[in-house]
Every structure is written in structure tokens, then in C-alpha cells.
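S.K.: After the C-alpha cells below, expect a handful of questions from me.
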Amino acid sequence: MIISPPFLPTSGLTSSDASKPDPMMDVVDQFEIGHHGVYPVTFDRRFHCGIHLNPGEQHEPVRAIADGDVVAYRVSKNAISDGAKDAQGQPLLNSNTGFVLLRHTTDTGDGRTMTYYSLYMHLLDMTAQENIVPQPNDPPETGSANALPRWLLDTAGGKDGVVQPGGTKKVYRKDMLGYVGQHQGVQHLHHEVFMAEADFTAWFDQDGHKVQIGEKNPVQPQSGDYWGHSYFVIKGPLELYPQPSGDDTWFPRVPGGSIAAGDTLYVEAWFNLGRRYTRAWIDKGGSGNVTLLTSDPIADPYDNDTRQYEYNLYQRSMALYPACPSDGYELLRFGRILSIPVKLAEPVNLPAPIDGALPGNPHPTNISDQRVTWIAVPFDENGTLGYVDIAQDAVTKLSDADFPFFTGWQKVDEDNTPFNHDGLCGYDELCRLTGVEDPQATSGMVQPLEYDKNNDNNANQQLAGYIQSTEGVGEKLRGLVCQARSEWDPSNNGDRYKDLNDPDGFFGKQKDTNPNGYTNFIDFLSKFQFLDKTPLAGRKLRFFHPLAFIRHFRRCGWLSASELTQCIPRKIIDQTKNGAHQTIYPTSTLDWGIAHGRAERFEREINIALRKYLISISGLRTAYFMGNAIQETIYLSRTSELGGASATYAPWYGRGVIQLTFEENYQRYGDFRKWSGQPSVYRDSLETDLSRACDSAGFYWISCAKPIAKVHNINIEADRLPIFTETTLTNVCSNYDYHTKSCKAAISSMPFRACSQFERSARAVNTGNPNSTGTLMGLIPRTNVFIASVAKLTDILVDYPGAYSQKK
């Protein structure tokens with residue numbers, strides 16, 4: 001599942017703070033208007049389906065958050081008026097009715113298909129848009145990252161301001177949908193993310209994969225559905241040790257401490273840019289009130305001397321888990337073994353550490369067939385660390401796939417809704433739902449305007465003050481998943497707005513001075529509504545805070561077959577050696593159906609490898625991997641080297657997705673998996689078994705090197721090098737002798753490209769040394785796959801030429 005926010009203000013944005021793994025979302029979070037259009041409550045206490053976003057003065061395009069099918073849309077030539085007039089008495093054109101509704105179907109794991117919707121409301125009218133960015137006279141039929149499609153510009157033939165069905169129209173992530181318009185004079189995009197109830201149930205309550213969203217006593221998941229950050233539920237009483245086994249190499253000494261009886265510690269752990277970070281919450285005495293202990297993430301003590309925990313996971317697993325380093329790697333990565341364990345089948349009951357030492361076992365490497373996995377966790381407000389064995393059965397291991405309640409996720413339906421039968425949100429009910437006390441109420445301060453709960457204005461002000469001013473409320477609201485009817489469904493108008501026309505309602509009180517007020521209001525509202533013209537009419541839906549949903553699922557990284565297919569360039573560029581030069585030969589276009597069939601074959605196993613070896617935690621890491629793996633498999637068509645049996649180094653020719661070559665590499669992989677017998681016994685299985693073909697590629701990615709003693713993790717290349725963007729094109733393109741002048745041309749007109757950043761990873765794969773020199777066969781086709789993957793998998797705005805794009 002690849003997803004991004006509806007604005008991408010800085011292509012390839014990075015952060016100097018390694019503890020913040022998603023700087024793009026940190027920027028877009030600032031676009032949310034905190035006093036206007038708050039999720040899930042409006043200023044007049046009605047349910048609000050989405051959020052209002054305003055990128056400010058910059059003319060930032062609105063973009064599709066994921067690949068999707070168009071359900072419905074509306075394009076308007078001009079804005080409309082809400083009835084307000086200017087100084088000359090003319091209607092103010094202060095509202096935009098344009099919108100696009102998309103349906104997205106993607107995969108989040110093995111056998112885990114999700115369908116959800118995204119809405120982009122108040123898109124700018126065509127007249128105003130011409131003043132910002134004049135559109136071409138002959139727009140493209142399909143859109144892209146820097147061009148609107150013809151159908152989103154067409155107001156002719158009775159289409160102006162009229163809801164249109166999507167038909168067979170498709171859009172792709174990062175495609176432009178328009179620009180931000182306004183509603184009643186306030187500039188913003190109204191953005192929603194929701195699921196149909198049947199789709200929600202199918203994903204959250206699927207047999208064998210039930211998601212424990214909002215569950216206060218989560219149990220250990222039995223499925224292998226894992227993605228995103230890891231979470232550990234640790235119950236007291238429990239001792240947290242200063243140092244396991246006196247091992248200074250892998251476990252720097254920390255203060256240590258304990259968790260009291262009745263207390264529960266909740267720990268979040270994640271990797272970013274080579275480092276490992278944790279956050280922690282605690283429930284004191286089983287009260288049910290969970291308190292965040294660490295306002296700032298805590299780096300692992302191993303990282304304090306820049307040894308970089310994640311980059312050294314391979315070496316750590318080899319040192320600490322000689323019985324089976326591969327299983328040990330998964331324990332260090334996930335806290336549990338997700339694949340079928342080979343050697344570490346059952347935990348061994350070992351004595352607990354005393355003063356940081358295992359009795360009779362001074363070094364963990366002397367213990368065979370055991371799962372003990374020590375990690376340092378914070379356990380108090382000061383971020384004090386102590387070591388705990390997270391592999392023990394008493395510790396519950398979760399991930400973002402479980403939507404842990406202590407991170408804020410909570411379902412809201414008829415049983416716990418803060419909205420009454422009139423559809424108005426109650427102040428007391430919302431306080432109970434969030435669990436956050438209003439400091440104004442608890443301090444005994446007098447309510448403003450001699451507060452009367454029966455006075456709508458006062459009630460609105462009290463609720464607005466609580467939402468806007470009380471610390472922690474906004475974060476709680478972001479985690480609510482609410483069951484409700486859409487405000488864009490006209491069949492909901494009677495129930496949603498009936499109180500406004502009651503004798504003591506807003507319009508009811510104005511019958512003498514504004515007799516048509518309610519009718520005019522409904523008429524104005526109807527100019528925006530559209531859901532009655534879609535299959536979602538009249539249905540209850542499940543709404544998410546859009547940015548919370550997007551941030552959460554950006555951690556998934558599991559590629560659907562369609563997303564994997566789009567990493568394969570439509571037009572394949574090949575190269576052959578011709579004397580001292582490289583000659584470029586473009587081959588015929590690769591058919592979508594053939595490419596998609598290949599992707600379907602590889603999808604499951606390649607995703608498991610990407611997840612295990614921490615490649616999929618970054619779109620750029622995955623792009624580096626795909627640039628090599630897709631080329632080495634000849635565009636996912638095989639798992640062995642062409643002409644392998646006749647190679648001069650046969651029978652040790654390349655096998656696997658990133659082809660292991662030479663006996664020493666097969667031996668190293670066998671040692672990592674702890675297979676018995678000589679490499680010749682299991683060598684061919686890397687060609688015939690897709691699981692081994694993909695896993696061996698991940699192994700080589702984190703361990704390749706010559707000589708073997710100098711381990712090189714290629715993830716480092718994807719993390720440390722400058723980001724590839726169009727603005728830095730001249731810095732990343734190198735003038736090899738086989739390049740034409742088009743190498744310096746606009747990115748959209750390049751027949752092929754080279755990227756010095758990517759070349760380092762390609763050389764590391766081929767030679768074990770990113771700094772190697774000499775001719776590197778396959779560099780051009782690898783680079784073209786890399787650029788296609790960058791366009792598909794990252795937030796970087798690469799205008800990849802249509803001739804090369806693998807969009808369907």
C-alpha cells in the first residue's frame with residue numbers, strides 16, 4: 001500500500017532529525033486549520049466528515065493520495081455565491097463546488113486487500129485556475145504529477161457544475177486533481193478518507209486477521225500480518241536490567257529499574273536512518289488511564305557512539321544467535337519470528353539475569369536454541385532505560401497492523417458516540433470519549449456568557465474552546481474512527497439539520513425576518529452535495545482523520561501487484577558491449593498484462609523479504625532494491641542468470657532475485673539460515689523456491705561485501721546520499737561516454753538517464769564495493785528501473801516519460 005498526503009510541498013523532503021521518520025507528513029500537518037473544519041466536530045457541534053487544509057499562499061496542487069478509480073467528480077467554470085454581496089451589491093462568488101471522489105483498492109499484507117475512499121472538495125473553478133496556472137489548449141487525456149487531464153478541465157456540453165460519473169477513469173498517486181478553492185470566503189480543501197461499512201468489516205474483522213483496534217487488553221496476534229512500528233505490552237512486576245550478560249559490545253550499560261505490580265508498560269519501537277528509537281506509555285495500577293512517558297523519542301544506547309543499531313542488525317544476529325542467525329534477525333527486527341522458524345523452535349527456560357549477568361553464561365552467544373532478545377526500553381518520565389527480554393511469552397508483540405489503542409486509535413459507533421439523537425455533539429460525552437479533562441472546567445472557572453447548556457451559542461463556544469485549547473484533545477480526535485452518514489448525502493439533510501428550523505432553532509427564530517432562511521440554506525448546501533448520485537447513497541460510512549490514516553498506512557510498505565508492476569518501465573532500455581563503448585538498444589514495449597502476471601507471481605515473497613530486511617520502511621530504499629532486482633530477474637521473468645550453466649563460474653552462477661554468485665556467497669547465506677550440508681545441496685533451491693529466491697536477495701542486500709569480513713549494508717546507500725530530484729538533475733547525472741546530450745535535457749524528454757547516487761548501490765550489488773570502478777554491465781537498464789520505482793514509490797515528483805511509464 002503506497003499512499004501520500006494530498007499536498008507534496010517539497011519533493012524528496014528529508015529531515016535532519018533522525019527520530020522523525022516522516023518529515024513530509026510533519027509539514028502537511030501544519031496545513032490543517034485548527035479553528036475551522038475540525039474532525040470530527042463542526043463549529044455548531046455536528047459531525048464533520050473530514051478536515052480543512054490550506055497550504056497558505058503557495059499555489060500547491062491538490063494530488064491524489066493513492067492509485068484509484070474515479071467514482072464521481074464535478075468541474076465548475078466559475079465559483080458560486082452563498083448570498084453575501086460586495087460593496088456594490090453584487091453577489092460575492094466565494095464558494096467552489098468542484099470535487100473528485102476516488103475509490104482505492106490495494107494490499108496491506110498477504111491476503112489483505114483493503115478498499116477505501118478519498119474525497120477532495122472545494123476544488124478551484126476553471127476561471128480562477130487560469131489566473132494561477134494557464135492550462136494547455138490541448139490537455140492530455142490522462143493526468144500526471146504536473147498536468148491535469150482533459151476531463152478535469154471540461155465544462156462544455158452541460159458539464160459545468162454537474163456531477164459526473166467516474167466511469168472507467170483512473171488516477172494515480174501524486175496525479176494533480178486541481179487547486180485549493182474556497183467555501184464561504186474561507187480558502188481550504190475539505191479532505192476526507194472513509195470506508196464503506198462492508199469494506200471496513202472485511203478488513204478489520206477478517207477471519208484470521210482480526211484487528212484489535214480500540215482493544216484495551218490486546219492479545220498476541222496469531223497471524224503473520226505485521227507492518228510499521230513494533231509495540232510491546234510489558235506487565236509488572238518485572239525487573240529491567242542494566243546489562244544482559246555483561247556484554248559491552250552489543251549492550252551498553254544503562255541504569256535499569258523495575259515495573260511495579262499492577263503496572264503495564266507500553267513500548268513503541270522503530271528504525272530510521274540506521275538508528276533505533278523507542279517511546280513509552282504506562283498504565284499505573286491497572287487504572288485504564290494510559291500516560292505518555294516520553295515526549296521525545298529515545299535513541300537506543302547502542303546508537304550513542306554512532307554504531308547505528310539497524311545497519312548492524314546482521315552482525316548482531318550472527319553474533320548473538322549462532323543457532324540460526326536468520327531467526328535471530330527476525331527476533332531483533334520484530335520481537336517474534338514471522339517466518340517458519342528453523343532452529344529456535346521452543347524457548348528455553350533460563351535463569352533471570354542477576355545484576356545484568358546470566359548465571360553460568362557470561363555471553364549470550366554461548367546459549368544455543370534460545371529466543372532471548374534483549375532490548376533497551378524507557379520506563380519513566382525521564383526516559384530511563386532498562387533491558388527486557390521481549391521474546392518471552394509474557395510480552396505481547398504488536399505492530400501498526402494491530403492499531404494499538406494506546407497510540408490513540410478508537411472506534412466510535414452507536415455504543416459510545418458523543419452525538420445525541422439530534423446529531424449534536426455533547427460536551428460531557430466528548431470529554432468522556434477522549435479521556436482528557438477540560439482544565440477550565442476542573443479549575444472552577446466561571447463559564448463565559450453565564451453559560452447555559454440549553455443556549456446553543458454558549459454550548460458551541462464551550463465545545464470549541466475545549467477542542468481548540470485543551471492540550472491532548474486534538475491528538476485524541478485524530479485517532480477516532482467514526483461511523484456516520486456523510487454530510488454530502490442529501491438524504492441525510494432532514495435528520496442532520498432539522499433542529500435549525502425548530503421554533504428555537506437558528507432559522508426558526510428568524511421566521512419573521514428571514515422566512516426563507518432554512519430553504520435557502522438547504523438549496524445552497526445542495527449545490528455541493530453529490531453522494532446520492534453514487535453507489536454510496538444513503539449508507540453509513542466509517543470515517544478516519546485523513547492525515548492520521550495517511551500517516552499510519554505510509555508505514556505499511558506492502559506493494560500490491562499493480563504497484564509492483566508500475567516499478568517496471570513500460571519501455572525497456574538494454575545495453576550491450578561494443579568495443580570500449582556502451583550502445584543503447586531500446587526494446588519493444590512491455591505489455592501490462594505480461595508485467596502484471598510476473599508481479600503477481602513475485603508479490604508475496606518479495607514483500608516478505610522487503611519487510612524482513614527493513615527495505616520497505618522507505619520508498620527510496622525500495623526503489624534502490626527494485627532497480628537492481630527487477631533488472632537482475634530480467635523484469636521479473638526468471639530467478640537465474642541467463643546462460644548460467646555455460647558460465648565460466650558454473651555451477652556457482654547467479655540464482656535468486658539478486659543473484660548470489662560464487663560458492664562463498666551461497667555458503668554465507670546457508671550459514672545465515674543455518675542449513676546443514678554443503679552449499680551444493682541447497683544451491684539450486686534459490687532458483688526453484690521463490691521464498692528463498694527473495695529472502696536470499698534481502699540477505700545479500702544487508703551483508704554483501706568482498707572480502708567477506710567487511711560487511712556492507714546497501715540500505716546505507718539509500719539513506720545517506722542526496723535525494724534525486726529534477727532540481728538537482730545536473731548533480732546526479734554523470735557524463736559517461738555512452739550518454740547523449742539528452743542527459744542534460746528536461747527530465748520528461750530523456751530517453752535514458754544515469755544517476756551517480758544509484759550507481760553506488762548497483763556497484764555494491766555487483767562487486768560488494770560501492771566505490772568500485774570500471775565498466776558496470778546493466779547500469780543503464782538498472783537506472784531506468786530505479787527512476788520508474790522512484791516515481792512510483794516515493795514522494796519525489798519525477799515526471800517519468802509516458803513512453804516508459806508502466807501505468808495501465
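By convention in this document, the chains of the C-alpha cells carry letters A, B, ... by their order, each chain's residues are numbered from 1, and ligands are numbered from 1 in the order they are shown.
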Write down as a list in words the residues belonging to segment 111-161 of chain A that are assigned helix (DSSP H, G or I) by DSSP computed on the backbone.
M.R.: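 Restricting segment 111-161 of chain A to helix (DSSP H, G or I) produces Met126, Thr127, Ala128, Gln129, Glu130, Asn131, Ile132, Arg150, Trp151 and Leu152 of chain A.
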S.K.: Write out as number ranges by chain which residues come within 9 Å of Arg655 of chain A when counting only C-alpha atoms, dropping same-chain ones fewer than 4 positions away.
M.R.: A: 639-641, 644, 659-661, 683-687, 693
S.K.: Please report the interatomic distance between atom CA of Glu141 of chain A and atom CA of His188 of chain A in Å with one decimal.
M.R.: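 According to the coordinates, atom CA of Glu141 of chain A and atom CA of His188 of chain A are separated by 27.3 Å.
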S.K.: Report the distance between atom CA of Val171 of chain A and atom CA of Ser76 of chain A in Å, rounded to one decimal place.
M.R.: 19.6 Å
S.K.: Using only C-alpha atoms, which of A:Gly274, A:Gly224, A:Gly288, A:Gly557 sits nearest Ile337 of chain A?
M.R.: A:Gly224
S.K.: So, counting only C-alpha atoms, which residue among A:Asp402, A:Phe99, A:Ala84, A:Cys49 is closest to Ser223 of chain A?
M.R.: A:Asp402
S.K.: So the first atom is atom CA of Val473 of chain A and the second is atom CA of Glu215 of chain A; what is the distance between them in Å, to one decimal place?
M.R.: 20.0 Å
S.K.: Report the residues of segment 108-157 of chain A whose backbone DSSP state falls under strand (DSSP E or B), written as a PyMOL selection string.
M.R.: chain A and resi 108-109+112-123+144+147
S.K.: Restrict the selected residues to C-alpha atoms and save them as an mmCIF file, in the first residue's frame.
M.R.:
```cif
data_model
loop_
_atom_site.group_PDB
_atom_site.id
_atom_site.type_symbol
_atom_site.label_atom_id
_atom_site.label_comp_id
_atom_site.auth_asym_id
_atom_site.auth_seq_id
_atom_site.Cartn_x
_atom_site.Cartn_y
_atom_site.Cartn_z
ATOM 1 C CA THR A 108 -1.691 -4.283 3.029
ATOM 2 C CA GLY A 109 -0.327 -7.791 3.503
ATOM 3 C CA ARG A 112 -5.126 -8.494 2.979
ATOM 4 C CA THR A 113 -6.952 -6.393 0.388
ATOM 5 C CA MET A 114 -8.347 -3.050 1.516
ATOM 6 C CA THR A 115 -10.851 -0.735 -0.193
ATOM 7 C CA TYR A 116 -11.244 2.864 0.941
ATOM 8 C CA TYR A 117 -12.290 6.240 -0.483
ATOM 9 C CA SER A 118 -10.796 9.719 -0.592
ATOM 10 C CA LEU A 119 -12.666 12.967 -1.253
ATOM 11 C CA TYR A 120 -11.251 16.318 -2.437
ATOM 12 C CA MET A 121 -13.909 19.028 -2.051
ATOM 13 C CA HIS A 122 -13.882 22.774 -2.924
ATOM 14 C CA LEU A 123 -11.502 22.466 -5.862
ATOM 15 C CA SER A 144 0.176 13.236 -14.288
ATOM 16 C CA ALA A 147 -0.709 18.170 -15.706
#
```
S.K.: Which one is closest to Thr105 of chain A: A:Lys498, A:Lys170, A:Lys235, A:Lys210? Count only C-alpha atoms.
M.R.: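 Going through A:Lys498, A:Lys170, A:Lys235, A:Lys210 one by one, the smallest distance to Thr105 of chain A is for A:Lys170.
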S.K.: Per residue of segment 299-319 of chain A within 12 Å of segment 369-385 of chain A, record the nearest atom pair and its distance in Å to one decimal, counting only C-alpha atoms, with rows in chain order and ascending residue number, as JSON lines.
M.R.:
```
{"residue": "A:Ala299", "atom": "CA", "partner": "A:Ala376", "partner_atom": "CA", "distance": 9.5}
{"residue": "A:Asp300", "atom": "CA", "partner": "A:Ala376", "partner_atom": "CA", "distance": 6.6}
{"residue": "A:Pro301", "atom": "CA", "partner": "A:Ala376", "partner_atom": "CA", "distance": 7.6}
{"residue": "A:Tyr302", "atom": "CA", "partner": "A:Ala376", "partner_atom": "CA", "distance": 9.3}
{"residue": "A:Asp303", "atom": "CA", "partner": "A:Ala376", "partner_atom": "CA", "distance": 11.5}
{"residue": "A:Tyr309", "atom": "CA", "partner": "A:Ile375", "partner_atom": "CA", "distance": 11.0}
{"residue": "A:Arg316", "atom": "CA", "partner": "A:Thr373", "partner_atom": "CA", "distance": 11.1}
{"residue": "A:Ser317", "atom": "CA", "partner": "A:Thr373", "partner_atom": "CA", "distance": 10.3}
```
S.K.: Residues of the last selection are to be written out with C-alpha atoms, as a short mmCIF file (atom, residue, chain, number, x, y, z; two decimals), in the first residue's frame.
M.R.:
```
data_model
loop_
_atom_site.label_atom_id
_atom_site.label_comp_id
_atom_site.auth_asym_id
_atom_site.auth_seq_id
_atom_site.Cartn_x
_atom_site.Cartn_y
_atom_site.Cartn_z
CA ALA A 299 17.58 6.52 20.86
CA ASP A 300 18.95 3.08 21.67
CA PRO A 301 22.12 3.30 23.81
CA TYR A 302 23.98 1.32 21.14
CA ASP A 303 23.49 4.32 18.84
CA TYR A 309 21.76 -0.28 15.52
CA ARG A 316 24.29 -8.64 15.77
CA SER A 317 22.22 -11.63 14.66
#
```
S.K.: Taking 5 positions as the minimum chain separation for residues in the same chain, which residues sit within 12 Å of Gln187 of chain A when counting only C-alpha atoms? Answer as a ChimeraX atom specification.
M.R.: /A:31-33,36-37,52-57,59,94-96,121-124,179-182
S.K.: Residues at most 10 Å from Cys567 of chain A, counting only C-alpha atoms, excluding those fewer than 2 positions away in the same chain, as a tab-separated table (two decimals) with C-alpha atoms, in the first residue's frame?
M.R.:
```tsv
chain	number	residue	atom	x	y	z
A	562	SER	CA	-0.30	-3.27	-9.52
A	563	GLU	CA	2.18	-1.13	-7.58
A	564	LEU	CA	4.96	-3.64	-8.17
A	565	THR	CA	4.08	-3.74	-11.88
A	569	PRO	CA	9.39	0.56	-17.09
A	570	ARG	CA	6.98	0.24	-19.98
A	595	ALA	CA	4.27	-7.48	-16.48
A	599	ALA	CA	4.38	-9.17	-10.45
A	623	ALA	CA	13.42	1.91	-5.25
A	626	MET	CA	13.91	-2.69	-7.31
A	627	GLY	CA	16.42	-1.02	-9.63
A	630	ILE	CA	13.96	-6.18	-11.42
A	635	TYR	CA	11.98	-7.78	-15.47
A	784	ASN	CA	15.72	3.23	-15.67
A	785	VAL	CA	14.00	0.75	-13.35
A	786	PHE	CA	15.26	2.82	-10.41
A	787	ILE	CA	13.75	6.02	-11.80
A	788	ALA	CA	10.44	4.26	-12.54
A	789	SER	CA	10.47	2.98	-8.95
A	790	VAL	CA	11.30	6.42	-7.55
A	791	ALA	CA	8.30	7.81	-9.43
A	792	LYS	CA	6.06	5.07	-8.08
A	793	LEU	CA	7.27	4.51	-4.52
A	805	SER	CA	5.64	4.64	-17.53
A	806	GLN	CA	4.11	1.31	-16.54
A	807	LYS	CA	0.71	2.77	-15.71
```
S.K.: Let me make sure I understand: among A:Thr396, A:Asn607, A:Asn713, A:Ser761, which one has the smallest atom-to-atom distance to Glu310 of chain A if we use only C-alpha atoms?
M.R.: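 Of A:Thr396, A:Asn607, A:Asn713, A:Ser761, the one nearest Glu310 of chain A is A:Asn713, counting only C-alpha atoms.
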